[in-house]
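Undergrad: For reference, the file start16.txt (compact mmCIF, C-alpha atoms) is included below:
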# COMPACT_ATOMS: atom_id res chain seq x y z
CA MET M 1 -10.78 23.57 -1.66
CA ILE M 2 -11.87 20.07 -2.64
CA GLU M 3 -13.30 19.96 -6.12
CA GLY M 4 -15.28 17.24 -7.78
CA SER M 5 -14.57 14.52 -10.29
CA ASN M 6 -14.15 15.87 -13.82
CA LEU M 7 -15.31 12.53 -15.18
CA LEU M 8 -18.56 12.51 -13.23
CA ASP M 9 -19.09 16.21 -13.87
CA ALA M 10 -19.21 15.40 -17.61
CA LEU M 11 -22.49 13.53 -17.12
CA HIS M 12 -25.81 15.09 -18.06
CA PRO M 13 -27.53 16.36 -14.89
CA SER M 14 -30.25 13.71 -15.19
CA ASP M 15 -27.64 10.94 -15.33
CA ARG M 16 -25.63 12.49 -12.52
CA ALA M 17 -28.80 12.49 -10.41
CA VAL M 18 -28.93 8.72 -10.85
CA LEU M 19 -25.40 8.24 -9.52
CA ASP M 20 -25.28 10.87 -6.76
CA PRO M 21 -27.33 8.87 -4.19
CA LEU M 22 -25.01 5.90 -4.77
CA LEU M 23 -21.75 7.81 -4.21
CA ARG M 24 -19.97 7.89 -0.86
CA GLU M 25 -17.19 10.32 0.01
CA CYS M 26 -13.99 8.91 1.49
CA VAL M 27 -10.54 10.31 2.25
CA PHE M 28 -7.27 8.40 1.81
CA GLY M 29 -3.68 9.21 2.64
CA ALA M 30 -0.76 8.78 0.27
CA GLY M 31 0.28 5.13 0.12
CA ASN M 32 -3.14 3.68 0.91
CA THR M 33 -3.83 0.55 -1.12
CA LEU M 34 -7.25 0.23 -2.74
CA TYR M 35 -6.68 -3.19 -4.31
CA GLU M 36 -3.99 -5.84 -4.43
CA PRO M 37 -3.72 -8.24 -7.39
CA GLY M 38 -6.38 -10.91 -7.03
CA ASP M 39 -8.66 -8.86 -4.79
CA LEU M 40 -12.30 -8.74 -5.82
CA VAL M 41 -13.02 -5.31 -7.31
CA ASP M 42 -16.26 -4.56 -5.50
CA HIS M 43 -15.98 -0.75 -5.53
CA CYS M 44 -14.98 1.92 -8.01
CA TYR M 45 -13.14 5.06 -6.88
CA PHE M 46 -13.22 8.54 -8.46
CA PRO M 47 -10.40 10.88 -7.38
CA ARG M 48 -11.61 14.37 -6.51
CA GLY M 49 -9.69 17.62 -6.67
CA SER M 50 -5.98 17.02 -6.12
CA ALA M 51 -6.26 13.31 -5.21
CA ILE M 52 -4.30 10.89 -7.41
CA GLY M 53 -4.41 7.13 -7.69
CA SER M 54 -2.14 4.85 -9.71
CA PHE M 55 -2.04 1.35 -11.10
CA PHE M 56 1.11 -0.65 -10.41
CA VAL M 57 2.19 -3.96 -11.90
CA LEU M 58 4.13 -6.32 -9.64
CA LEU M 59 7.01 -8.09 -11.40
CA ASP M 60 9.14 -11.08 -10.43
CA GLY M 61 11.77 -10.19 -7.87
CA GLY M 62 9.59 -7.66 -6.09
CA THR M 63 9.88 -4.83 -8.62
CA VAL M 64 6.79 -2.61 -8.75
CA VAL M 65 6.23 -0.44 -11.84
CA GLU M 66 3.59 2.24 -12.31
CA THR M 67 1.54 1.91 -15.49
CA THR M 68 -1.00 4.74 -15.27
CA MET M 69 -1.69 7.75 -13.07
CA ILE M 70 -5.34 8.60 -12.43
CA GLY M 71 -6.53 12.00 -11.27
CA ARG M 72 -9.90 13.71 -11.30
CA GLU M 73 -10.22 12.87 -15.00
CA GLY M 74 -10.74 9.18 -14.28
CA ALA M 75 -11.53 6.28 -12.01
CA LEU M 76 -9.98 3.16 -10.54
CA GLY M 77 -11.66 -0.24 -10.51
CA GLY M 78 -14.71 -1.71 -12.22
CA ILE M 79 -14.76 0.59 -15.25
CA VAL M 80 -14.24 -1.82 -18.14
CA SER M 81 -15.77 -4.99 -16.67
CA ASP M 82 -19.50 -5.47 -16.11
CA GLY M 83 -19.10 -7.47 -12.92
CA CYS M 84 -16.95 -7.93 -9.81
CA MET M 85 -13.69 -9.20 -11.30
CA PRO M 86 -10.32 -9.90 -9.65
CA ALA M 87 -7.84 -7.03 -9.80
CA PHE M 88 -4.80 -7.58 -12.01
CA ALA M 89 -2.72 -4.64 -10.79
CA ARG M 90 -2.23 -2.95 -7.45
CA SER M 91 -4.23 0.28 -7.03
CA ASN M 92 -2.59 2.82 -4.74
CA VAL M 93 -3.29 6.36 -3.61
CA MET M 94 -0.35 8.47 -4.79
CA HIS M 95 -1.52 11.87 -3.57
CA LYS M 96 -3.77 12.12 -0.55
CA GLY M 97 -7.25 13.48 -0.94
CA SER M 98 -10.94 12.86 -1.28
CA PHE M 99 -12.53 10.20 -3.48
CA TYR M 100 -16.04 9.23 -4.45
CA ARG M 101 -16.72 5.52 -4.01
CA ILE M 102 -19.51 3.49 -5.56
CA ALA M 103 -20.25 -0.24 -5.34
CA THR M 104 -19.41 -1.97 -8.62
CA ALA M 105 -22.84 -3.65 -8.62
CA ASP M 106 -24.56 -0.25 -8.32
CA LEU M 107 -22.44 1.22 -11.11
CA ASN M 108 -23.21 -1.72 -13.39
CA ARG M 109 -26.95 -1.33 -12.80
CA ALA M 110 -26.67 2.38 -13.56
CA LYS M 111 -24.82 1.65 -16.80
CA THR M 112 -27.52 -0.85 -17.76
CA ASP M 113 -30.34 1.60 -17.02
CA SER M 114 -28.79 4.73 -18.57
CA GLU M 115 -27.35 5.02 -22.06
CA GLY M 116 -25.65 8.28 -21.08
CA ILE M 117 -23.80 6.70 -18.14
CA ARG M 118 -22.91 3.65 -20.22
CA ASN M 119 -21.59 5.84 -23.03
CA LEU M 120 -19.47 7.99 -20.70
CA PHE M 121 -17.70 5.03 -19.15
CA ALA M 122 -17.22 3.33 -22.51
CA ARG M 123 -15.46 6.47 -23.74
CA TYR M 124 -13.40 6.67 -20.55
CA ALA M 125 -12.36 3.02 -20.98
CA ASP M 126 -11.02 3.99 -24.42
CA CYS M 127 -9.04 6.87 -22.88
CA LEU M 128 -7.66 4.60 -20.16
CA MET M 129 -6.45 2.14 -22.79
CA ALA M 130 -4.76 5.03 -24.59
CA GLN M 131 -2.89 5.83 -21.36
CA VAL M 132 -1.77 2.22 -21.01
CA PHE M 133 -0.60 2.06 -24.63
CA GLN M 134 1.31 5.31 -24.28
CA SER M 135 2.89 4.16 -21.02
CA ILE M 136 4.18 0.99 -22.67
CA ALA M 137 5.70 2.97 -25.52
CA CYS M 138 7.17 5.53 -23.10
CA ASN M 139 8.86 2.94 -20.89
CA ALA M 140 10.35 1.25 -23.96
CA SER M 141 11.58 4.33 -25.80
CA HIS M 142 12.26 7.30 -23.56
CA THR M 143 15.12 8.16 -21.25
CA ILE M 144 14.90 8.09 -17.48
CA GLU M 145 15.14 11.90 -17.44
CA GLN M 146 12.25 12.26 -19.88
CA ARG M 147 10.10 9.81 -17.93
CA ALA M 148 10.86 11.42 -14.57
CA ALA M 149 9.99 14.86 -15.93
CA LYS M 150 6.82 13.44 -17.48
CA TRP M 151 5.71 11.93 -14.18
CA LEU M 152 6.43 15.06 -12.13
CA THR M 153 4.71 17.42 -14.57
CA GLY M 154 1.76 15.02 -14.81
CA ALA M 155 1.42 15.08 -11.02
CA VAL M 156 1.49 18.90 -10.97
CA GLN M 157 -1.14 19.10 -13.72
CA ARG M 158 -3.48 16.78 -11.83
CA THR M 159 -3.03 18.21 -8.33
CA GLY M 160 -2.62 21.86 -9.25
CA GLU M 161 0.19 21.91 -6.66
CA MET M 162 3.91 22.39 -7.23
CA ASP M 163 4.74 20.36 -4.11
CA VAL M 164 4.65 16.64 -4.93
CA SER M 165 4.59 14.29 -1.94
CA MET M 166 7.09 11.71 -3.13
CA THR M 167 10.58 10.62 -2.15
CA GLN M 168 13.34 9.76 -4.62
CA GLU M 169 13.01 6.12 -3.55
CA GLN M 170 9.31 6.13 -4.41
CA LEU M 171 9.97 7.80 -7.77
CA ALA M 172 12.57 5.14 -8.57
CA SER M 173 10.19 2.36 -7.57
CA MET M 174 7.39 3.79 -9.69
CA MET M 175 9.63 3.98 -12.74
CA GLY M 176 11.11 0.53 -12.14
CA ILE M 177 14.68 1.83 -11.90
CA GLY M 178 17.41 1.83 -9.25
CA ARG M 179 17.48 4.61 -6.67
CA SER M 180 20.91 5.75 -7.90
CA TYR M 181 19.50 6.45 -11.38
CA ALA M 182 16.60 8.45 -9.97
CA SER M 183 18.93 10.33 -7.64
CA ARG M 184 21.20 11.38 -10.51
CA VAL M 185 18.24 12.72 -12.50
CA ILE M 186 16.87 14.62 -9.50
CA GLN M 187 20.30 16.12 -8.80
CA ARG M 188 20.50 17.25 -12.42
CA PHE M 189 17.08 18.88 -12.16
CA LYS M 190 18.13 20.58 -8.90
CA ARG M 191 21.35 21.84 -10.47
CA ASP M 192 19.33 23.42 -13.27
CA SER M 193 16.91 25.02 -10.75
CA LEU M 194 13.94 23.03 -12.04
CA LEU M 195 13.06 21.70 -8.60
CA ARG M 196 14.19 21.31 -5.03
CA THR M 197 13.71 18.47 -2.59
CA ARG M 198 12.29 18.51 0.90
CA ARG M 199 11.81 15.76 3.43
CA GLY M 200 9.30 13.36 1.87
CA GLY M 201 8.66 15.43 -1.22
CA ILE M 202 9.76 17.24 -4.37
CA VAL M 203 8.91 20.89 -5.05
CA VAL M 204 8.76 21.94 -8.70
CA GLN M 205 10.23 25.43 -9.18
CA ASP M 206 10.21 25.77 -12.97
CA LEU M 207 7.29 23.89 -14.51
CA GLU M 208 7.93 25.13 -18.05
CA GLY M 209 11.58 24.09 -17.82
CA LEU M 210 10.57 20.67 -16.56
CA LEU M 211 8.03 20.32 -19.37
CA ASP M 212 10.85 20.97 -21.83
CA ARG M 213 12.73 17.98 -20.38
CA ALA M 214 9.71 15.67 -20.47
CA CYS M 215 8.70 13.46 -23.37
CA SER M 216 5.46 14.29 -25.16
CA CYS M 217 3.54 11.27 -23.83
CA ASN M 218 1.28 13.30 -21.52
CA ASP M 219 0.42 15.58 -24.44
CA HIS M 220 -0.59 12.63 -26.63
CA VAL M 221 -2.84 11.26 -23.89
CA LYS M 222 -4.37 14.68 -23.25
CA ARG M 223 -5.14 15.13 -26.97
CA HIS M 224 -6.93 11.77 -27.05
CA PHE M 225 -8.95 12.73 -23.98
CA GLU M 226 -9.95 15.98 -25.68
CA LEU M 227 -11.13 14.10 -28.75
CA VAL M 228 -13.08 11.48 -26.79
CA LEU M 229 -13.99 13.28 -23.54
CA GLY M 230 -13.47 16.98 -24.14
CA GLY M 231 -12.92 19.07 -21.02
CA VAL M 232 -12.30 16.14 -18.68
CA TYR M 233 -8.48 16.01 -18.66
CA PRO M 234 -6.98 18.45 -16.08
CA ALA M 235 -5.79 21.71 -17.62
Translate the structure of the given file into structure tokens.
TA:
Amino acid sequence: MIEGSNLLDALHPSDRAVLDPLLRECVFGAGNTLYEPGDLVDHCYFPRGSAIGSFFVLLDGGTVVETTMIGREGALGGIVSDGCMPAFARSNVMHKGSFYRIATADLNRAKTDSEGIRNLFARYADCLMAQVFQSIACNASHTIEQRAAKWLTGAVQRTGEMDVSMTQEQLASMMGIGRSYASRVIQRFKRDSLLRTRRGGIVVQDLEGLLDRACSCNDHVKRHFELVLGGVYPA
């Protein structure tokens, strides 16, 4: 069953009533690109239910590295800025599903007219920055195994599904590492019965065991969400 956006559900009903007529439902498949660097960010997207989007930074030489994963606790595009600005990072759909879409101009008018809406997105912007900070620290300090386990458990927590639609090549690309490194980590996880692979995906078999292998970065981000936007981060 498709659920809503935890972020939008945190609004007071009177503020939600302001936004609802402006929201449009849309469905995207995994791999769909919402924005490329330099594109004008004219719409904001709110993942619903099990849908996941991600921000990717493009580096010299063609390397693409994921910086943040966004599920139903957040939004992509037009959150921090008060106008249609060019995108810095690529925004992709990582897990297919339904999204709410709103024109950036409409969202900005709503933020101007409603203190409650303005306050919610200001607090979410703080949480998003916390994710970015934690991601930088994670990439600099933690092992490939810890980071891979963190990403996979984060995907399960956001989708509520143990079957993650992602190949080993895609996982390697997201983490900015060679496929051989990702393959060795996945084989180690398979050997320890933490997961199995299928064509085009990875199936988590032992979530608690995989959590034990992950770094604590997701936990730090979740705690900050709870302090700033209690109840929004996926359980």
Undergrad: Need the shell around stretch 35-51 of chain M: protein/DNA/RNA residues with any atom at most 8 Å away, counting only C-alpha atoms. Skip same-chain ones fewer than 3 positions apart. Format as a PyMOL selection string?
TA: chain M and resi 1-6+70-79+84-105+158-161
Undergrad: What's the 8 Å shell around M:Glu169, counting all atoms listed in the file, without same-chain residues fewer than 2 positions away, as a list in words?
TA: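 Within the cut-off, the hits are Thr167, Leu171, Ala172, Ser173, Arg179 and Ala182 of chain M.
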Undergrad: Take the residues from that selection and write them out as a compact mmCIF listing (two decimals), in the coordinates of the input, keeping C-alpha atoms.
TA:
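Okay, this is what ended up in out29.txt:
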# COMPACT_ATOMS: atom_id res chain seq x y z
CA THR M 167 10.58 10.62 -2.15
CA LEU M 171 9.97 7.80 -7.77
CA ALA M 172 12.57 5.14 -8.57
CA SER M 173 10.19 2.36 -7.57
CA ARG M 179 17.48 4.61 -6.67
CA ALA M 182 16.60 8.45 -9.97
Undergrad: Any idea what's packed within 10 Å of M:Met129, counting all atoms listed in the file, ignoring anything in its chain fewer than 4 positions away? Could you give it as a list in words?
TA: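 My reading of the contact set: Thr68, Val80, Tyr124, Ala125, Phe133, Gln134, Ser135 and Val221 of chain M.
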Undergrad: Calculate how many Å separate atom CA of M:Asn32 from atom CA of M:Phe55, rounding to one decimal.
TA: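 These two atoms are separated by 12.3 Å.
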Undergrad: Output as a tab-separated table one row per residue of stretch 201-230 of chain M within 10 Å of stretch 136-145 of chain M: the closest atom pair and its distance in Å to one decimal place, counting all atoms listed in the file, sorted by chain and residue number ascending.
TA:
residue	atom	partner	partner_atom	distance
M:Leu210	CA	M:Glu145	CA	9.9
M:Arg213	CA	M:Glu145	CA	7.2
M:Ala214	CA	M:Glu145	CA	7.3
M:Cys215	CA	M:His142	CA	7.1
M:Ser216	CA	M:Cys138	CA	9.2
M:Cys217	CA	M:Cys138	CA	6.8
M:Asn218	CA	M:Cys138	CA	9.9
Undergrad: Kindly complete stretch 196-207 of chain M to N, CA and C atoms; the output should be written as a PDB file, keeping the file's coordinate frame.
TA:
ATOM      1  N   ARG M 196      13.426  21.528  -6.249  1.00  0.00           N
ATOM      2  CA  ARG M 196      14.190  21.310  -5.030  1.00  0.00           C
ATOM      3  C   ARG M 196      13.527  20.159  -4.273  1.00  0.00           C
ATOM      4  N   THR M 197      14.263  19.572  -3.382  1.00  0.00           N
ATOM      5  CA  THR M 197      13.710  18.470  -2.590  1.00  0.00           C
ATOM      6  C   THR M 197      13.505  18.923  -1.156  1.00  0.00           C
ATOM      7  N   ARG M 198      12.538  18.320  -0.524  1.00  0.00           N
ATOM      8  CA  ARG M 198      12.290  18.510   0.900  1.00  0.00           C
ATOM      9  C   ARG M 198      12.098  17.128   1.506  1.00  0.00           C
ATOM     10  N   ARG M 199      12.011  17.052   2.789  1.00  0.00           N
ATOM     11  CA  ARG M 199      11.810  15.760   3.430  1.00  0.00           C
ATOM     12  C   ARG M 199      10.459  15.172   2.993  1.00  0.00           C
ATOM     13  N   GLY M 200      10.515  14.044   2.300  1.00  0.00           N
ATOM     14  CA  GLY M 200       9.300  13.360   1.870  1.00  0.00           C
ATOM     15  C   GLY M 200       8.633  13.942   0.652  1.00  0.00           C
ATOM     16  N   GLY M 201       9.326  14.846  -0.067  1.00  0.00           N
ATOM     17  CA  GLY M 201       8.660  15.430  -1.220  1.00  0.00           C
ATOM     18  C   GLY M 201       9.604  16.127  -2.181  1.00  0.00           C
ATOM     19  N   ILE M 202       9.052  16.523  -3.319  1.00  0.00           N
ATOM     20  CA  ILE M 202       9.760  17.240  -4.370  1.00  0.00           C
ATOM     21  C   ILE M 202       8.945  18.478  -4.725  1.00  0.00           C
ATOM     22  N   VAL M 203       9.590  19.636  -4.744  1.00  0.00           N
ATOM     23  CA  VAL M 203       8.910  20.890  -5.050  1.00  0.00           C
ATOM     24  C   VAL M 203       9.373  21.377  -6.419  1.00  0.00           C
ATOM     25  N   VAL M 204       8.446  21.465  -7.353  1.00  0.00           N
ATOM     26  CA  VAL M 204       8.760  21.940  -8.700  1.00  0.00           C
ATOM     27  C   VAL M 204       8.874  23.459  -8.678  1.00  0.00           C
ATOM     28  N   GLN M 205       9.998  23.980  -9.173  1.00  0.00           N
ATOM     29  CA  GLN M 205      10.230  25.430  -9.180  1.00  0.00           C
ATOM     30  C   GLN M 205      10.052  26.043 -10.569  1.00  0.00           C
ATOM     31  N   ASP M 206      10.309  25.259 -11.598  1.00  0.00           N
ATOM     32  CA  ASP M 206      10.210  25.770 -12.970  1.00  0.00           C
ATOM     33  C   ASP M 206       9.443  24.733 -13.793  1.00  0.00           C
ATOM     34  N   LEU M 207       8.120  24.874 -13.819  1.00  0.00           N
ATOM     35  CA  LEU M 207       7.290  23.890 -14.510  1.00  0.00           C
ATOM     36  C   LEU M 207       7.555  23.892 -16.007  1.00  0.00           C
TER      37      LEU M 207
END
